[in-house]
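All remarks here apply to the structure that follows.
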Amino acid sequence: MSAAAIQATVPHYQEARAFWDEFTSHCEHQVKAINAVVEENQLPETARVKLKPGPWSVSLVREAVPSTEIRLNVAFEQWGPRINGSVRGEQEPDLHFYPEEFEFAIGSDLDNSVVAITPEGGSLSPHKFAKYMAQHFRRCYPGITLPSSYETPQ
């Protein structure tokens, strides 16, 4: 790889790293907010959502049925970074819901903030992207209102 190619990818790497670090921080806060609702409703420990972070990956998992597992990872392409994701789970024992797979590019918005770019061309800040991912857990808690937000960490 030439020096010019390496220099061209450094800003993309830095943008992706900043986005990913902020996103995973928001995921942690979102999981805490969901688990606080689980506790308030006196649901068993198995009803909690777990966060499993990695350097460029994260999983959000509720293992009890109805279950949901969200897996996300960052991949670097020649044109820039993208987030690959999947959502899987069971609605009832041995009854899986239709799996979902998606990709979001990471890039700069018009105001130069780093965002996840939806397939439709919209943009999501790290905070909004974490909220969007957490909404997949709604099917796990029928009849319980999950937090749509939480206090943004300072």
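Following the order of the structure tokens, chains are lettered A, B, ..., residues in each are numbered from 1, and ligands are numbered from 1.
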Would you give me, as JSON, numbers by chain, the residues in chain A that DSSP reads as helix (DSSP H, G or I)? {"A": [3, 4, 5, 6, 7, 8, 9, 10, 11, 12, 13, 14, 15, 16, 17, 18, 19, 20, 21, 22, 23, 24, 25, 26, 27, 28, 29, 30, 31, 32, 33, 34, 35, 36, 37, 38, 39, 40, 45, 46, 47, 126, 127, 128, 129, 130, 131, 132, 133, 134, 135, 136, 137, 138, 139, 140]}
Do a neighbour search on region 126-137 of chain A at 7 Å with only C-alpha atoms, toss out local chain neighbours closer than 2 positions, and write the hits as a ChimeraX atom specification. /A:19,22-23,26-27,30,68,115,124,139-140,148-149
Would you mind exporting C-alpha atoms of the selected residues as a tab-separated table (two decimals), in the first residue's frame?
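Result file follows (result_23.tsv):
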chain	number	residue	atom	x	y	z
A	19	PHE	CA	-18.09	7.02	16.19
A	22	GLU	CA	-19.26	6.93	21.38
A	23	PHE	CA	-21.80	4.43	20.03
A	26	HIS	CA	-24.40	4.89	24.40
A	27	CYS	CA	-25.19	1.17	24.02
A	30	GLN	CA	-29.15	2.07	26.83
A	68	THR	CA	-32.98	-11.18	20.77
A	115	VAL	CA	-22.77	9.52	11.64
A	124	LEU	CA	-27.93	8.72	12.80
A	139	ARG	CA	-40.55	-7.77	21.26
A	140	CYS	CA	-38.85	-9.24	24.35
A	148	SER	CA	-36.86	5.55	24.42
A	149	SER	CA	-33.96	7.52	25.82
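Considering only C-alpha atoms, the residue among A:Gly89, A:Pro66, A:Pro119, A:Gly54 positioned nearest to Tyr141 (chain A) is A:Pro66.
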Contacts of Phe76 (chain A) at 12 Å or less, counting only C-alpha atoms, minus same-chain residues fewer than 4 places along, as number ranges by chain? A: 9-10, 12-17, 56, 80-84, 104-106
Got time to write the residues from that selection, N, CA and C atoms, as a PDB file, in the first residue's frame?
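Output contents, as saved in part-v2.pdb:
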ATOM      1  N   THR A   9      -6.661   6.725   4.315  1.00  0.00           N
ATOM      2  CA  THR A   9      -7.495   5.912   5.182  1.00  0.00           C
ATOM      3  C   THR A   9      -7.433   6.341   6.648  1.00  0.00           C
ATOM      4  N   VAL A  10      -6.421   7.079   7.054  1.00  0.00           N
ATOM      5  CA  VAL A  10      -6.290   7.493   8.452  1.00  0.00           C
ATOM      6  C   VAL A  10      -7.493   8.312   8.921  1.00  0.00           C
ATOM      7  N   HIS A  12     -10.534   8.208   7.838  1.00  0.00           N
ATOM      8  CA  HIS A  12     -11.664   7.278   7.920  1.00  0.00           C
ATOM      9  C   HIS A  12     -11.562   6.423   9.174  1.00  0.00           C
ATOM     10  N   TYR A  13     -10.366   5.960   9.464  1.00  0.00           N
ATOM     11  CA  TYR A  13     -10.147   5.148  10.661  1.00  0.00           C
ATOM     12  C   TYR A  13     -10.463   5.963  11.913  1.00  0.00           C
ATOM     13  N   GLN A  14      -9.976   7.185  11.960  1.00  0.00           N
ATOM     14  CA  GLN A  14     -10.203   8.036  13.129  1.00  0.00           C
ATOM     15  C   GLN A  14     -11.686   8.366  13.292  1.00  0.00           C
ATOM     16  N   GLU A  15     -12.374   8.648  12.184  1.00  0.00           N
ATOM     17  CA  GLU A  15     -13.811   8.898  12.238  1.00  0.00           C
ATOM     18  C   GLU A  15     -14.547   7.667  12.771  1.00  0.00           C
ATOM     19  N   ALA A  16     -14.205   6.508  12.220  1.00  0.00           N
ATOM     20  CA  ALA A  16     -14.857   5.268  12.645  1.00  0.00           C
ATOM     21  C   ALA A  16     -14.593   4.987  14.117  1.00  0.00           C
ATOM     22  N   ARG A  17     -13.358   5.198  14.559  1.00  0.00           N
ATOM     23  CA  ARG A  17     -13.009   4.937  15.963  1.00  0.00           C
ATOM     24  C   ARG A  17     -13.797   5.865  16.889  1.00  0.00           C
ATOM     25  N   TRP A  56     -13.839  -3.873  17.755  1.00  0.00           N
ATOM     26  CA  TRP A  56     -14.611  -3.365  16.612  1.00  0.00           C
ATOM     27  C   TRP A  56     -15.918  -4.132  16.459  1.00  0.00           C
ATOM     28  N   GLY A  80     -14.286   3.315   2.638  1.00  0.00           N
ATOM     29  CA  GLY A  80     -14.490   3.779   4.003  1.00  0.00           C
ATOM     30  C   GLY A  80     -15.077   2.721   4.906  1.00  0.00           C
ATOM     31  N   PRO A  81     -15.314   3.073   6.157  1.00  0.00           N
ATOM     32  CA  PRO A  81     -15.817   2.099   7.123  1.00  0.00           C
ATOM     33  C   PRO A  81     -17.329   1.909   7.026  1.00  0.00           C
ATOM     34  N   ARG A  82     -17.773   0.711   7.418  1.00  0.00           N
ATOM     35  CA  ARG A  82     -19.197   0.432   7.482  1.00  0.00           C
ATOM     36  C   ARG A  82     -19.477  -0.470   8.676  1.00  0.00           C
ATOM     37  N   ILE A  83     -20.700  -0.418   9.140  1.00  0.00           N
ATOM     38  CA  ILE A  83     -21.144  -1.278  10.231  1.00  0.00           C
ATOM     39  C   ILE A  83     -22.017  -2.369   9.634  1.00  0.00           C
ATOM     40  N   ASN A  84     -21.638  -3.611   9.875  1.00  0.00           N
ATOM     41  CA  ASN A  84     -22.452  -4.757   9.479  1.00  0.00           C
ATOM     42  C   ASN A  84     -23.215  -5.205  10.713  1.00  0.00           C
ATOM     43  N   PHE A 104     -24.612  -0.145   7.523  1.00  0.00           N
ATOM     44  CA  PHE A 104     -24.644   1.307   7.627  1.00  0.00           C
ATOM     45  C   PHE A 104     -23.232   1.802   7.339  1.00  0.00           C
ATOM     46  N   ALA A 105     -23.096   2.741   6.435  1.00  0.00           N
ATOM     47  CA  ALA A 105     -21.789   3.372   6.214  1.00  0.00           C
ATOM     48  C   ALA A 105     -21.530   4.331   7.368  1.00  0.00           C
ATOM     49  N   ILE A 106     -20.272   4.562   7.660  1.00  0.00           N
ATOM     50  CA  ILE A 106     -19.886   5.591   8.626  1.00  0.00           C
ATOM     51  C   ILE A 106     -19.281   6.725   7.821  1.00  0.00           C
TER      52      ILE A 106
END
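Here CA of Ala18 (chain A) and CA of Arg62 (chain A) stand 26.8 Å from one another.
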Find the residues around Ile34 (chain A) up to 9 Å (only C-alpha atoms counted), leave out those fewer than 5 positions away in its own chain, and share them as an mmCIF file with N, CA and C atoms, in the first residue's frame.
data_model
loop_
_atom_site.group_PDB
_atom_site.id
_atom_site.type_symbol
_atom_site.label_atom_id
_atom_site.label_comp_id
_atom_site.auth_asym_id
_atom_site.auth_seq_id
_atom_site.Cartn_x
_atom_site.Cartn_y
_atom_site.Cartn_z
ATOM 1 N N HIS A 29 -25.192 2.605 28.144
ATOM 2 C CA HIS A 29 -26.207 3.365 28.874
ATOM 3 C C HIS A 29 -27.622 2.897 28.517
ATOM 4 N N GLU A 39 -35.758 -4.494 36.178
ATOM 5 C CA GLU A 39 -35.745 -4.565 37.641
ATOM 6 C C GLU A 39 -37.009 -3.946 38.237
ATOM 7 N N ARG A 48 -32.717 -9.844 31.657
ATOM 8 C CA ARG A 48 -31.830 -8.697 31.421
ATOM 9 C C ARG A 48 -31.150 -8.785 30.060
ATOM 10 N N VAL A 49 -30.761 -7.631 29.567
ATOM 11 C CA VAL A 49 -29.985 -7.532 28.331
ATOM 12 C C VAL A 49 -28.517 -7.443 28.727
ATOM 13 N N ALA A 134 -31.469 -0.539 20.201
ATOM 14 C CA ALA A 134 -32.158 -0.987 21.415
ATOM 15 C C ALA A 134 -33.645 -1.241 21.166
ATOM 16 N N PHE A 137 -35.352 -4.732 21.042
ATOM 17 C CA PHE A 137 -35.700 -5.508 22.236
ATOM 18 C C PHE A 137 -37.165 -5.363 22.628
ATOM 19 N N LEU A 146 -40.458 0.290 27.254
ATOM 20 C CA LEU A 146 -39.003 0.446 27.394
ATOM 21 C C LEU A 146 -38.638 1.915 27.240
ATOM 22 N N PRO A 147 -37.537 2.320 27.848
ATOM 23 C CA PRO A 147 -37.127 3.721 27.704
ATOM 24 C C PRO A 147 -36.757 4.026 26.260
#
Test item, strand (DSSP E) assignment across chain A, answer as a ChimeraX atom specification: /A:50-53,57-62,68-77,80-88,90-92,95-96,100-108,114-117,123-124
